[in-house]
Amino acid sequence: MCPLTAAAMLGAVGARAAKPPTAPDPVPAAHLRRLRAFRRGGIVILAVFVALGLSGTLGIRTKTVSAIGSGYEMSLQYPANERSAQTVHWELFLRHPGGFDGKVDVGITQSYLDLLDYNDVEPQPSASRTSGPYVVWTFDPPDGDVLRVSLDAFIQANAHFGAGAEVAVFEGGVPVVSVHYRTWVAP
């Protein structure tokens, strides 16, 4: 066996095999500018989400709404921004200077309760009923002049985008003071 020479590998003396070009195909400048704009836009969108996350705008937040009327002072702490399957901090403080004369009726819109998977209401209502869009809980009068109602609940696992709600105090079947609020549930 004889070793092959470079000329024998090429086939004939002086003949060369065609090599494929290594330079990329030319790309029009307008196409390159459009691609660069898409990349920059993607970076800006990503930066906005990072900034919103760092500022806490997209995180879980609790807010408080208050109202005064008909001798009642109402304050409600509720989840303003929440995620599905997370525990809820929902707490109502109802103050009536001089104490409560009898049972206290507190109503919450049924559509908001549908958003929750609630386990317990504390204190336990002595009765409950529906009145229009409300579920009305009747509480025994507390000692002192403040009734504190809290919900032990989770946001439903399949809940998206949240719901608006109203909590009201009823006297004679009519709301006398109420607060409106909305819980936004991140998808």
# chains A, B, ... in the order shown; residues from 1 in each chain; ligands from 1

call {"tool": "residues_around", "arguments": {"residues": "Ser111 of chain A", "least_positions_apart": "3", "cutoff": "9 Å", "atoms": "only C-alpha atoms", "output": "list in words"}}
result
Ile108, Asp114, Leu115, Pro133, Tyr134, Ala163, Gly164 and Ala165 of chain A

call {"tool": "select_by_dssp", "arguments": {"residues": "chain A", "states": "alpha helix (DSSP H)", "output": "NGL selection string"}}
result
:A and (6-10 or 29-55 or 110-115)

call {"tool": "residues_around", "arguments": {"residues": "segment 44-49 of chain A", "least_positions_apart": "5", "cutoff": "9 Å", "atoms": "only C-alpha atoms", "output": "PyMOL selection string"}}
result
chain A and resi 39+54+58

call {"tool": "closest_residue", "arguments": {"among": "A:Pro141, A:Gly42, A:Pro24, A:Gly162", "to": "Ser126 of chain A", "atoms": "only C-alpha atoms"}}
result
A:Pro141

call {"tool": "atom_distance", "arguments": {"atom1": "atom CA of Trp90 of chain A", "atom2": "atom CA of Ser150 of chain A"}}
result
5.8 Å

call {"tool": "residues_around", "arguments": {"residues": "Val174 of chain A", "least_positions_apart": "4", "cutoff": "12 Å", "atoms": "only C-alpha atoms", "output": "PyMOL selection string"}}
result
chain A and resi 70+105-107+131-132+134+136+168-170+178

call {"tool": "write_last_selection", "arguments": {"atoms": "N, CA and C atoms", "output": "PDB file, in the first residue's frame"}}
result
ATOM      1  N   SER A  70     -75.360  55.678  60.439  1.00  0.00           N
ATOM      2  CA  SER A  70     -76.429  55.147  61.301  1.00  0.00           C
ATOM      3  C   SER A  70     -75.913  54.695  62.662  1.00  0.00           C
ATOM      4  N   ASP A 105     -77.018  42.068  62.281  1.00  0.00           N
ATOM      5  CA  ASP A 105     -77.080  41.439  60.957  1.00  0.00           C
ATOM      6  C   ASP A 105     -75.999  42.039  60.065  1.00  0.00           C
ATOM      7  N   VAL A 106     -75.114  41.173  59.558  1.00  0.00           N
ATOM      8  CA  VAL A 106     -74.042  41.581  58.648  1.00  0.00           C
ATOM      9  C   VAL A 106     -74.215  40.791  57.363  1.00  0.00           C
ATOM     10  N   GLY A 107     -74.269  41.515  56.234  1.00  0.00           N
ATOM     11  CA  GLY A 107     -74.433  40.856  54.937  1.00  0.00           C
ATOM     12  C   GLY A 107     -73.209  41.025  54.064  1.00  0.00           C
ATOM     13  N   SER A 131     -80.700  37.651  51.309  1.00  0.00           N
ATOM     14  CA  SER A 131     -81.522  38.830  51.085  1.00  0.00           C
ATOM     15  C   SER A 131     -81.000  39.500  49.826  1.00  0.00           C
ATOM     16  N   GLY A 132     -81.650  39.239  48.696  1.00  0.00           N
ATOM     17  CA  GLY A 132     -81.162  39.766  47.418  1.00  0.00           C
ATOM     18  C   GLY A 132     -79.801  39.172  47.110  1.00  0.00           C
ATOM     19  N   TYR A 134     -77.188  39.344  48.931  1.00  0.00           N
ATOM     20  CA  TYR A 134     -76.430  39.163  50.164  1.00  0.00           C
ATOM     21  C   TYR A 134     -76.704  37.823  50.832  1.00  0.00           C
ATOM     22  N   VAL A 136     -76.789  37.040  54.642  1.00  0.00           N
ATOM     23  CA  VAL A 136     -76.844  37.830  55.868  1.00  0.00           C
ATOM     24  C   VAL A 136     -76.626  36.899  57.054  1.00  0.00           C
ATOM     25  N   ALA A 168     -72.387  44.897  54.351  1.00  0.00           N
ATOM     26  CA  ALA A 168     -73.334  45.873  54.889  1.00  0.00           C
ATOM     27  C   ALA A 168     -73.863  45.421  56.236  1.00  0.00           C
ATOM     28  N   VAL A 169     -74.241  46.405  57.046  1.00  0.00           N
ATOM     29  CA  VAL A 169     -74.949  46.151  58.293  1.00  0.00           C
ATOM     30  C   VAL A 169     -76.422  46.395  58.003  1.00  0.00           C
ATOM     31  N   PHE A 170     -77.254  45.457  58.427  1.00  0.00           N
ATOM     32  CA  PHE A 170     -78.692  45.542  58.175  1.00  0.00           C
ATOM     33  C   PHE A 170     -79.432  45.885  59.458  1.00  0.00           C
ATOM     34  N   SER A 178     -72.433  50.486  54.586  1.00  0.00           N
ATOM     35  CA  SER A 178     -71.768  49.434  53.814  1.00  0.00           C
ATOM     36  C   SER A 178     -70.428  49.919  53.291  1.00  0.00           C
TER      37      SER A 178
END

call {"tool": "select_by_dssp", "arguments": {"residues": "chain A", "states": "strand (DSSP E)", "output": "NGL selection string"}}
result
:A and (61-69 or 72-83 or 87-95 or 104-109 or 116-122 or 127-131 or 134-139 or 146-155 or 163-171 or 174-186)

call {"tool": "atom_distance", "arguments": {"atom1": "atom CA of Val146 of chain A", "atom2": "atom CA of Tyr72 of chain A"}}
result
9.8 Å

call {"tool": "closest_residue", "arguments": {"among": "A:Gly98, A:Thr57, A:Gln156, A:Val179", "to": "Asp143 of chain A", "atoms": "only C-alpha atoms"}}
result
A:Gly98

call {"tool": "residues_around", "arguments": {"residues": "Gly71 of chain A", "least_positions_apart": "3", "cutoff": "8 Å", "atoms": "only C-alpha atoms", "output": "PyMOL selection string"}}
result
chain A and resi 68+96-97
